[in-house]
Amino acid sequence: MDDPDESTDGTDRVAALLEALTRAEKLRLVRGRDDPAGTATGYLPGVERLDVPAYRLVDGPLGVRAEGERATAFPASIAVAATFDPDLARAKGAAMAREARALGQDCLLAPGTNLIRVPHCGRNFEYYAEEPTLASRTVAAAVAGIQSADVVATVKHYVANNQEADRVRVSAEVDERTLRELYLRPFRAAVDAGVGSVMTAYNRVNGTYMSDHERLVGEVLKGEWGFDGYVVSDWYGTESAVGAATAGLDLEMPGVSPEGVDEDDAWDPGDLDGEAADVFAGLPDATKAGLFGDPLREAIETGAVPPERLDDMVRRVLGQMGRIGLLDGEGDGRDRRDEGALDAPEHRDLAERIAARGTVLLENDGVLPLSADADVAVIGPNVDEAKLGGGGSSETTPFQSTSPAAGVTARADGEVTVARGVPRVPELSLFDVLPFVGDDEGDEDGGDDGDRGDESGPEPSLDGAAAAAREADVAVVFVRDRTTEAKDRDDLRLPGEQDALVEAVAAANDRTVVVVYSGGPVELPWREDVAAILEAWYPGQADGDAVASVLYGDRDPSGRLPVTFAPEDRYPTADERRYPGVDGRARYAEGLFVGYRHFDAAGVAPTYPFGHGLSYAAFAYRDAEVVDGRTVRATVENVSERAGREVVQAYVRPPESPAVERPPRELAGFATVDLDAGERRTVDVDLDERALGRYDPDEGWTVDPGTYAVELGRSSRDQRLAVEVDVGD
Ligand code: BGC
């Protein structure tokens with residue numbers, strides 16, 4: 001055997017370690033434990049005698065969530081996708097990874113890339129898009145960014161974890177073509193980008209738990225796609241020892257039951273109701289943890305799991321540790337700290353830039369951008385706190401944050417008055433809803449030095465808000481939803497009395513602007529009564545600064561919707577058999593017709609279509625041409641008097657085919673372009689390699705002969721030019 005200390009190639013080092021490790025030591029490398037330092041979300045103890053250091057895994061994807069530590073709270077993933085700019089996903093990934101290292105962590109439990117199938121899903125904010133082309137390009141860039149800083153990325157949750165309702169039991173009943181053309185694609189893109197780890201989802205797919213899914217994990221992910229990293233379970237999401245090991249699961253997390261939980265009463269939902277009961281239904285059973293401990297050891301001893309499978313698990317885990325330099329014999333990941341990364345000015349700037357770039361201008365009758373000297377009434381139940389994110393494992397505690405009120409006040413030259421109008425919308429977090437978890441989750445006061453909710457001052461009243469609006473030149477109302485991991489939204493309305501607030505303010509001032517913070521689509525019943533609407537998602541710590549920069553036109557609102565906005569009953573999942581499911585089964589009977597594919601095929605007009613987003617500038621398109629089969633080119637001109645950024649979107653319309661039904665239009669590619677007033681540029685849009693294809697259950701990916709149209713335009717419903725691509729027999 002080679003001396004492990006002398007091997008220079010990572011593969012040799014891993015091979016040598018596999019020879020040297022005892023079975024007990026190998027088993028220590030496939031099952032998580034508690035981090036003795038108390039900061040990591042998941043922990044592997046390492047093997048000291050062979051210089052294998054500990055390995056620490058930590059949550060994302062909005063920022064680094066190391067227990068008791070602070071980190072940059074970046075905008076939510078859906079905001080990143082709304083920029084239609086994968087470079088920003090890459091930059092955010094790299095910044096999070098640098099902060100992870102600063103906190104002594106080796107692996108980020110990010111990015112998440114489940115498709116937004118259900119508008120109610122409590123984790124839509126952690127995901128990218130309702131469709132695979134945007135999600136794939138964004139996730140690939142995020143993975144590349146994270147791993148560029150020598151941190152292992154974990155793409156999650158594989159696969160069809162599209163709802164939080166009953167997530168630990170529900171079976172997604174989905175046909176092969178739909179899986180291939182929609183839900184698997186972003187995961188494939190992450191694998192092609194070299195992702196080091198894939199996390200299995202809690203749910204079942206076609207009856208089998210994902211941790212045990214031999215076909216999707218062993219055959220598709222590892223076999224067909226050649227994934228060579230490790231597959232990790234979601235936390236307490238390993239269903240069996242033999243089944244999971246055989247299917248291809250490599251690492252059980254966290255592998256131990258939570259300490260201090262009295263099983264007799266703590267996990268009994270009997271006394272929970274309302275939100276807490278819903279959240280409870282979304283929690284895994286932690287008491288079954290430890291399957292990759294004694295049960296796996298026994299399974300190997302009895303021959304139920306071959307020892308080579310254990311070697312393969314260990315090889316995969318060590319392979320990733322080696323790739324980020326942990327096996328170089330230089331000790332623990334804690335020695336790789338890059339302290340300067342925490343709260344670095346460039347990370348603050350990046351957080352603000354992404355938040356602003358992802359903000360979508362849904363409506364504007366000309367009231368925006370605001371003039372600096374306007375007197376502004378800043379109104380909303382939570383205007384004194386930044387909207388950092390949603391609840392659950394992605395919650396990040398920043399060093400500083402800016403509330404909407406502070407952001408507008410800092411930017412405005414005119415007078416600013418602040419009114420809450422209606423009672424505060426409380427945050428919703430799985431950690432707070434359940435009485436037995438999260439007693440030590442963060443500081444009660446939020447932990448950062450930024451703006452926080454303050455209940456002092458006069459009781460909020462609609463009359464007070466209307467009076468403030470009446471006195472001002474412009475009223476800006478900030479409204480928000482509340483979402484968390486482990487629970488879906490009950491409906492798509494804004495919670496509390498916020499709709500009444502917007503209506504009262506709009507009645508008092510016809511220059512009313514609404515800024516919406518939401519994790520996904522929301523209903524905006526007053527939308528025709530207001531002068532402008534901005535969708536700012538969950539902007540993170542830079543909230544007030546970013547939104548003010550868009551309100552005042554320092555930045556063009558160049559975000560576009562990565563998800564269709566429509567009334568609740570128009571979505572294809574508005575049937576309880578499809579969502580939340582009946583008898584533990586959610587039937588994906590809409591097949592490919594999710595998001596805009598559904599609205600286009602059914603001829604149903606959405607409120608705001610996928611890809612929609614206005615600009616303060618105006619753009620003209622001309623001279624489209626096909627450069628080659630994979631690139632379409634057009635000239636885009638800024639025909640306004642101010643600089644702006646356009647997102648050029650290309651959609652493919654397939655040839656008519658009597659034999660195979662296809663969506664009328666599918667996003668094939670996109671490009672962003674900055675244009676000064678009057679400037680004109682040639683823009684190349686690279687089409688996705690799957691742009692013309694469809695998945696045939698017998699033939700695999702197939703491109704049918706015929707004439708395809710590639711439409712170029714501003715959204716899925718605003719096409720400006722079209723070219724044809726012929727595919728011969
Ligand atoms: C979530 C994962 C997360 C893990 C660890 C689970 O509840 O589904 O996304 O990474 O917890 O916190």
# chains A, B, ... in the order shown; residues from 1 in each chain; ligands from 1
>>> select_by_dssp(residues="range 171-411 of chain A", states="strand (DSSP E or B)", output="ChimeraX atom specification")
/A:171-173,197-200,204-205,208-209,230-232,251-252,360-364,376-379,391
>>> write_last_selection(atoms="N, CA and C atoms", output="short mmCIF file (atom, residue, chain, number, x, y, z; two decimals), in the first residue's frame")
data_model
loop_
_atom_site.label_atom_id
_atom_site.label_comp_id
_atom_site.auth_asym_id
_atom_site.auth_seq_id
_atom_site.Cartn_x
_atom_site.Cartn_y
_atom_site.Cartn_z
N SER A 171 -46.37 11.03 -1.73
CA SER A 171 -45.76 10.44 -2.92
C SER A 171 -46.12 11.29 -4.13
N ALA A 172 -45.09 11.80 -4.80
CA ALA A 172 -45.31 12.53 -6.04
C ALA A 172 -45.48 11.49 -7.14
N GLU A 173 -46.68 11.47 -7.71
CA GLU A 173 -46.97 10.46 -8.74
C GLU A 173 -46.75 11.13 -10.08
N SER A 197 -22.25 17.04 -4.08
CA SER A 197 -23.18 16.32 -3.23
C SER A 197 -24.62 16.57 -3.69
N VAL A 198 -25.45 15.55 -3.55
CA VAL A 198 -26.87 15.65 -3.86
C VAL A 198 -27.64 15.21 -2.63
N MET A 199 -28.59 16.03 -2.17
CA MET A 199 -29.41 15.66 -1.01
C MET A 199 -30.73 15.07 -1.48
N THR A 200 -31.07 13.92 -0.94
CA THR A 200 -32.36 13.32 -1.30
C THR A 200 -33.49 14.05 -0.57
N ARG A 204 -41.73 10.72 -1.18
CA ARG A 204 -41.64 9.56 -2.06
C ARG A 204 -41.89 10.01 -3.50
N VAL A 205 -41.39 9.26 -4.43
CA VAL A 205 -41.73 9.46 -5.84
C VAL A 205 -42.27 8.13 -6.36
N THR A 208 -42.00 5.29 -3.71
CA THR A 208 -40.75 4.93 -3.03
C THR A 208 -40.09 6.17 -2.44
N TYR A 209 -39.68 6.07 -1.16
CA TYR A 209 -38.97 7.19 -0.54
C TYR A 209 -37.70 7.49 -1.33
N TYR A 230 -21.11 12.36 -3.45
CA TYR A 230 -21.89 11.54 -2.53
C TYR A 230 -23.35 12.02 -2.46
N VAL A 231 -24.22 11.07 -2.16
CA VAL A 231 -25.64 11.35 -1.98
C VAL A 231 -25.92 11.36 -0.48
N VAL A 232 -26.45 12.47 0.01
CA VAL A 232 -26.71 12.62 1.46
C VAL A 232 -28.22 12.68 1.67
N LEU A 251 -24.57 8.81 2.63
CA LEU A 251 -24.32 9.48 3.91
C LEU A 251 -25.65 9.77 4.58
N GLU A 252 -25.78 9.31 5.82
CA GLU A 252 -26.99 9.60 6.58
C GLU A 252 -26.77 10.84 7.43
N VAL A 360 -38.74 43.19 -9.46
CA VAL A 360 -39.53 43.19 -10.69
C VAL A 360 -40.56 44.33 -10.64
N LEU A 361 -40.55 45.16 -11.66
CA LEU A 361 -41.56 46.21 -11.78
C LEU A 361 -42.78 45.61 -12.48
N LEU A 362 -43.83 45.35 -11.69
CA LEU A 362 -45.01 44.68 -12.26
C LEU A 362 -45.93 45.66 -12.97
N GLU A 363 -46.08 46.84 -12.41
CA GLU A 363 -46.97 47.87 -12.98
C GLU A 363 -46.30 49.22 -12.77
N ASN A 364 -46.55 50.15 -13.69
CA ASN A 364 -46.08 51.52 -13.49
C ASN A 364 -46.83 52.45 -14.42
N VAL A 376 -42.68 61.73 0.88
CA VAL A 376 -43.10 60.34 0.77
C VAL A 376 -43.69 59.84 2.08
N ALA A 377 -44.85 59.18 1.99
CA ALA A 377 -45.38 58.45 3.14
C ALA A 377 -44.96 56.99 2.99
N VAL A 378 -44.20 56.50 3.94
CA VAL A 378 -43.76 55.10 3.93
C VAL A 378 -44.68 54.34 4.87
N ILE A 379 -45.43 53.41 4.30
CA ILE A 379 -46.52 52.79 5.06
C ILE A 379 -46.41 51.27 5.02
N GLY A 391 -39.04 31.16 6.78
CA GLY A 391 -38.64 30.41 7.95
C GLY A 391 -38.01 29.08 7.62
#
>>> residues_near_ligand(ligand="ligand 1", cutoff="7 Å", atoms="only C-alpha atoms and all ligand atoms", output="number ranges by chain")
A: 41, 59, 109, 156-157, 234-235, 393
>>> closest_residue(among="A:Gly669, A:Gly700, A:Gly559, A:Pro61", to="Glu646 in chain A", atoms="only C-alpha atoms")
A:Gly559
>>> residues_around(residues="range 582-587 of chain A", least_positions_apart="2", cutoff="9 Å", atoms="only C-alpha atoms", output="count of residues only")
16
>>> closest_residue(among="A:Gly496, A:Gly464, A:Gly319, A:Gly366", to="Arg424 in chain A", atoms="only C-alpha atoms")
A:Gly496
>>> residues_around(residues="Asp413 in chain A", least_positions_apart="5", cutoff="10 Å", atoms="only C-alpha atoms", output="list in words")
Ser371, Ala372, Asp373, Ala374, Asp375, Val376 and Val408 of chain A
>>> select_by_dssp(residues="range 559-648 of chain A", states="alpha helix (DSSP H)", output="number ranges by chain")
A: 596-602
>>> write_last_selection(atoms="N, CA and C atoms", output="PDB file, in the first residue's frame")
ATOM      1  N   TYR A 596     -46.069  28.579 -17.014  1.00  0.00           N
ATOM      2  CA  TYR A 596     -46.559  29.173 -18.267  1.00  0.00           C
ATOM      3  C   TYR A 596     -46.939  28.113 -19.287  1.00  0.00           C
ATOM      4  N   ARG A 597     -46.355  26.917 -19.201  1.00  0.00           N
ATOM      5  CA  ARG A 597     -46.754  25.854 -20.136  1.00  0.00           C
ATOM      6  C   ARG A 597     -48.255  25.578 -20.012  1.00  0.00           C
ATOM      7  N   HIS A 598     -48.753  25.618 -18.766  1.00  0.00           N
ATOM      8  CA  HIS A 598     -50.187  25.426 -18.543  1.00  0.00           C
ATOM      9  C   HIS A 598     -50.987  26.624 -19.053  1.00  0.00           C
ATOM     10  N   PHE A 599     -50.600  27.826 -18.639  1.00  0.00           N
ATOM     11  CA  PHE A 599     -51.407  29.003 -18.986  1.00  0.00           C
ATOM     12  C   PHE A 599     -51.480  29.183 -20.505  1.00  0.00           C
ATOM     13  N   ASP A 600     -50.362  28.925 -21.188  1.00  0.00           N
ATOM     14  CA  ASP A 600     -50.366  29.047 -22.652  1.00  0.00           C
ATOM     15  C   ASP A 600     -51.242  27.974 -23.292  1.00  0.00           C
ATOM     16  N   ALA A 601     -51.081  26.731 -22.838  1.00  0.00           N
ATOM     17  CA  ALA A 601     -51.811  25.632 -23.477  1.00  0.00           C
ATOM     18  C   ALA A 601     -53.314  25.744 -23.221  1.00  0.00           C
ATOM     19  N   ALA A 602     -53.670  26.184 -22.006  1.00  0.00           N
ATOM     20  CA  ALA A 602     -55.092  26.246 -21.648  1.00  0.00           C
ATOM     21  C   ALA A 602     -55.733  27.547 -22.120  1.00  0.00           C
TER      22      ALA A 602
END
>>> residues_around(residues="Arg642 in chain A", least_positions_apart="4", cutoff="8 Å", atoms="only C-alpha atoms", output="list in words")
Tyr616, Ala617, Asp676 and Ala677 of chain A
>>> residues_around(residues="Asp228 in chain A", least_positions_apart="2", cutoff="10 Å", atoms="only C-alpha atoms", output="PDB file with N, CA and C atoms, in the first residue's frame")
ATOM      1  N   VAL A 191     -25.288  18.388 -11.689  1.00  0.00           N
ATOM      2  CA  VAL A 191     -24.307  17.301 -11.834  1.00  0.00           C
ATOM      3  C   VAL A 191     -23.317  17.657 -12.939  1.00  0.00           C
ATOM      4  N   GLY A 194     -20.618  19.768 -11.959  1.00  0.00           N
ATOM      5  CA  GLY A 194     -19.626  19.181 -11.055  1.00  0.00           C
ATOM      6  C   GLY A 194     -20.010  19.202  -9.592  1.00  0.00           C
ATOM      7  N   VAL A 195     -21.302  19.288  -9.282  1.00  0.00           N
ATOM      8  CA  VAL A 195     -21.706  19.368  -7.880  1.00  0.00           C
ATOM      9  C   VAL A 195     -21.152  18.165  -7.096  1.00  0.00           C
ATOM     10  N   GLY A 196     -20.709  18.436  -5.873  1.00  0.00           N
ATOM     11  CA  GLY A 196     -20.073  17.383  -5.080  1.00  0.00           C
ATOM     12  C   GLY A 196     -21.049  16.520  -4.317  1.00  0.00           C
ATOM     13  N   SER A 197     -22.245  17.038  -4.076  1.00  0.00           N
ATOM     14  CA  SER A 197     -23.183  16.318  -3.232  1.00  0.00           C
ATOM     15  C   SER A 197     -24.618  16.573  -3.685  1.00  0.00           C
ATOM     16  N   LEU A 221     -29.196   8.999 -11.446  1.00  0.00           N
ATOM     17  CA  LEU A 221     -28.212   9.987 -10.977  1.00  0.00           C
ATOM     18  C   LEU A 221     -26.772   9.461 -11.090  1.00  0.00           C
ATOM     19  N   LYS A 222     -26.547   8.290 -10.521  1.00  0.00           N
ATOM     20  CA  LYS A 222     -25.169   7.804 -10.506  1.00  0.00           C
ATOM     21  C   LYS A 222     -24.804   7.059 -11.795  1.00  0.00           C
ATOM     22  N   GLY A 223     -25.738   6.260 -12.289  1.00  0.00           N
ATOM     23  CA  GLY A 223     -25.441   5.468 -13.474  1.00  0.00           C
ATOM     24  C   GLY A 223     -25.450   6.313 -14.734  1.00  0.00           C
ATOM     25  N   TRP A 225     -26.134   9.523 -15.322  1.00  0.00           N
ATOM     26  CA  TRP A 225     -25.512  10.859 -15.343  1.00  0.00           C
ATOM     27  C   TRP A 225     -24.046  10.815 -14.898  1.00  0.00           C
ATOM     28  N   GLY A 226     -23.616   9.708 -14.368  1.00  0.00           N
ATOM     29  CA  GLY A 226     -22.224   9.588 -13.961  1.00  0.00           C
ATOM     30  C   GLY A 226     -21.858  10.431 -12.747  1.00  0.00           C
ATOM     31  N   TYR A 230     -21.112  12.360  -3.446  1.00  0.00           N
ATOM     32  CA  TYR A 230     -21.893  11.536  -2.526  1.00  0.00           C
ATOM     33  C   TYR A 230     -23.350  12.018  -2.456  1.00  0.00           C
ATOM     34  N   VAL A 231     -24.221  11.066  -2.157  1.00  0.00           N
ATOM     35  CA  VAL A 231     -25.644  11.352  -1.980  1.00  0.00           C
ATOM     36  C   VAL A 231     -25.919  11.360  -0.480  1.00  0.00           C
ATOM     37  N   ASP A 312     -17.601   2.152  -1.408  1.00  0.00           N
ATOM     38  CA  ASP A 312     -18.015   3.152  -2.398  1.00  0.00           C
ATOM     39  C   ASP A 312     -18.550   4.408  -1.703  1.00  0.00           C
ATOM     40  N   ARG A 315     -15.545   6.165  -0.343  1.00  0.00           N
ATOM     41  CA  ARG A 315     -14.756   6.734  -1.435  1.00  0.00           C
ATOM     42  C   ARG A 315     -15.378   8.047  -1.911  1.00  0.00           C
ATOM     43  N   ARG A 316     -16.694   8.068  -1.994  1.00  0.00           N
ATOM     44  CA  ARG A 316     -17.384   9.267  -2.476  1.00  0.00           C
ATOM     45  C   ARG A 316     -17.259  10.429  -1.475  1.00  0.00           C
ATOM     46  N   VAL A 317     -17.424  10.116  -0.189  1.00  0.00           N
ATOM     47  CA  VAL A 317     -17.311  11.179   0.820  1.00  0.00           C
ATOM     48  C   VAL A 317     -15.871  11.696   0.861  1.00  0.00           C
ATOM     49  N   GLY A 319     -13.695  11.488  -1.408  1.00  0.00           N
ATOM     50  CA  GLY A 319     -13.379  12.130  -2.688  1.00  0.00           C
ATOM     51  C   GLY A 319     -13.685  13.618  -2.644  1.00  0.00           C
ATOM     52  N   GLN A 320     -14.817  13.972  -2.065  1.00  0.00           N
ATOM     53  CA  GLN A 320     -15.173  15.393  -1.972  1.00  0.00           C
ATOM     54  C   GLN A 320     -14.304  16.114  -0.949  1.00  0.00           C
TER      55      GLN A 320
END
>>> residues_around(residues="Ala466 in chain A", least_positions_apart="2", cutoff="9 Å", atoms="only C-alpha atoms", output="PDB file with N, CA and C atoms, in the first residue's frame")
ATOM      1  N   GLY A 421     -50.129  51.475   9.903  1.00  0.00           N
ATOM      2  CA  GLY A 421     -51.444  51.236   9.310  1.00  0.00           C
ATOM      3  C   GLY A 421     -52.230  50.092   9.920  1.00  0.00           C
ATOM      4  N   SER A 461     -53.189  52.489  12.692  1.00  0.00           N
ATOM      5  CA  SER A 461     -54.594  52.587  12.294  1.00  0.00           C
ATOM      6  C   SER A 461     -54.674  52.884  10.803  1.00  0.00           C
ATOM      7  N   LEU A 462     -55.741  52.390  10.178  1.00  0.00           N
ATOM      8  CA  LEU A 462     -55.951  52.659   8.760  1.00  0.00           C
ATOM      9  C   LEU A 462     -56.110  54.153   8.525  1.00  0.00           C
ATOM     10  N   ASP A 463     -56.807  54.817   9.444  1.00  0.00           N
ATOM     11  CA  ASP A 463     -57.012  56.255   9.282  1.00  0.00           C
ATOM     12  C   ASP A 463     -55.688  57.010   9.323  1.00  0.00           C
ATOM     13  N   GLY A 464     -54.832  56.580  10.247  1.00  0.00           N
ATOM     14  CA  GLY A 464     -53.519  57.231  10.361  1.00  0.00           C
ATOM     15  C   GLY A 464     -52.722  57.053   9.079  1.00  0.00           C
ATOM     16  N   ALA A 468     -51.554  60.017   6.476  1.00  0.00           N
ATOM     17  CA  ALA A 468     -50.152  60.208   6.065  1.00  0.00           C
ATOM     18  C   ALA A 468     -50.053  60.196   4.547  1.00  0.00           C
ATOM     19  N   ALA A 469     -50.799  59.298   3.908  1.00  0.00           N
ATOM     20  CA  ALA A 469     -50.767  59.201   2.444  1.00  0.00           C
ATOM     21  C   ALA A 469     -51.302  60.483   1.809  1.00  0.00           C
ATOM     22  N   ARG A 470     -52.372  61.008   2.383  1.00  0.00           N
ATOM     23  CA  ARG A 470     -53.013  62.199   1.831  1.00  0.00           C
ATOM     24  C   ARG A 470     -52.083  63.407   1.875  1.00  0.00           C
ATOM     25  N   GLU A 471     -51.310  63.491   2.928  1.00  0.00           N
ATOM     26  CA  GLU A 471     -50.396  64.635   3.116  1.00  0.00           C
ATOM     27  C   GLU A 471     -49.189  64.590   2.186  1.00  0.00           C
ATOM     28  N   LEU A 501     -55.316  47.736   3.903  1.00  0.00           N
ATOM     29  CA  LEU A 501     -54.390  48.864   4.033  1.00  0.00           C
ATOM     30  C   LEU A 501     -54.085  49.467   2.662  1.00  0.00           C
ATOM     31  N   ALA A 504     -57.042  51.392   1.409  1.00  0.00           N
ATOM     32  CA  ALA A 504     -57.258  52.667   2.109  1.00  0.00           C
ATOM     33  C   ALA A 504     -56.247  53.717   1.653  1.00  0.00           C
ATOM     34  N   VAL A 505     -55.018  53.312   1.484  1.00  0.00           N
ATOM     35  CA  VAL A 505     -53.983  54.266   1.063  1.00  0.00           C
ATOM     36  C   VAL A 505     -54.222  54.707  -0.376  1.00  0.00           C
ATOM     37  N   ALA A 506     -54.570  53.735  -1.231  1.00  0.00           N
ATOM     38  CA  ALA A 506     -54.812  54.071  -2.642  1.00  0.00           C
ATOM     39  C   ALA A 506     -55.987  55.036  -2.778  1.00  0.00           C
ATOM     40  N   ALA A 507     -56.983  54.879  -1.885  1.00  0.00           N
ATOM     41  CA  ALA A 507     -58.136  55.792  -1.935  1.00  0.00           C
ATOM     42  C   ALA A 507     -57.728  57.193  -1.500  1.00  0.00           C
ATOM     43  N   ALA A 508     -56.692  57.282  -0.670  1.00  0.00           N
ATOM     44  CA  ALA A 508     -56.267  58.584  -0.148  1.00  0.00           C
ATOM     45  C   ALA A 508     -55.265  59.287  -1.059  1.00  0.00           C
ATOM     46  N   ASN A 509     -54.541  58.516  -1.871  1.00  0.00           N
ATOM     47  CA  ASN A 509     -53.505  59.139  -2.706  1.00  0.00           C
ATOM     48  C   ASN A 509     -53.408  58.355  -4.013  1.00  0.00           C
TER      49      ASN A 509
END
>>> atom_distance(atom1="CA of Pro132 in chain A", atom2="CA of Arg690 in chain A")
10.1 Å
>>> closest_residue(among="A:Gly104, A:Arg31, A:Gln719, A:Thr72", to="Leu249 in chain A", atoms="only C-alpha atoms")
A:Arg31
>>> closest_residue(among="A:Val627, A:Ala465, A:Ala71, A:Ala486", to="Tyr202 in chain A", atoms="only C-alpha atoms")
A:Ala486
>>> closest_atom_pairs(of="range 585-625 of chain A", to="range 680-689 of chain A", cutoff="10 Å", atoms="only C-alpha atoms", output="CSV")
residue,atom,partner,partner_atom,distance
A:Phe619,CA,A:Arg680,CA,9.3
A:Ala620,CA,A:Arg680,CA,9.0
A:Tyr621,CA,A:Arg680,CA,9.5
A:Arg622,CA,A:Thr682,CA,9.5
A:Asp623,CA,A:Thr682,CA,9.2
A:Ala624,CA,A:Val683,CA,9.5
A:Glu625,CA,A:Asp684,CA,9.6
>>> closest_residue(among="A:Ala160, A:Ala536, A:Leu368, A:Leu434", to="Phe125 in chain A", atoms="only C-alpha atoms")
A:Ala536
>>> atom_distance(atom1="CA of Val477 in chain A", atom2="CA of Val416 in chain A")
12.8 Å
>>> closest_residue(among="A:Met210, A:Leu283, A:Ala110, A:Ala344", to="Arg98 in chain A", atoms="only C-alpha atoms")
A:Ala344
>>> atom_distance(atom1="CA of Tyr55 in chain A", atom2="CA of Gly329 in chain A")
13.8 Å
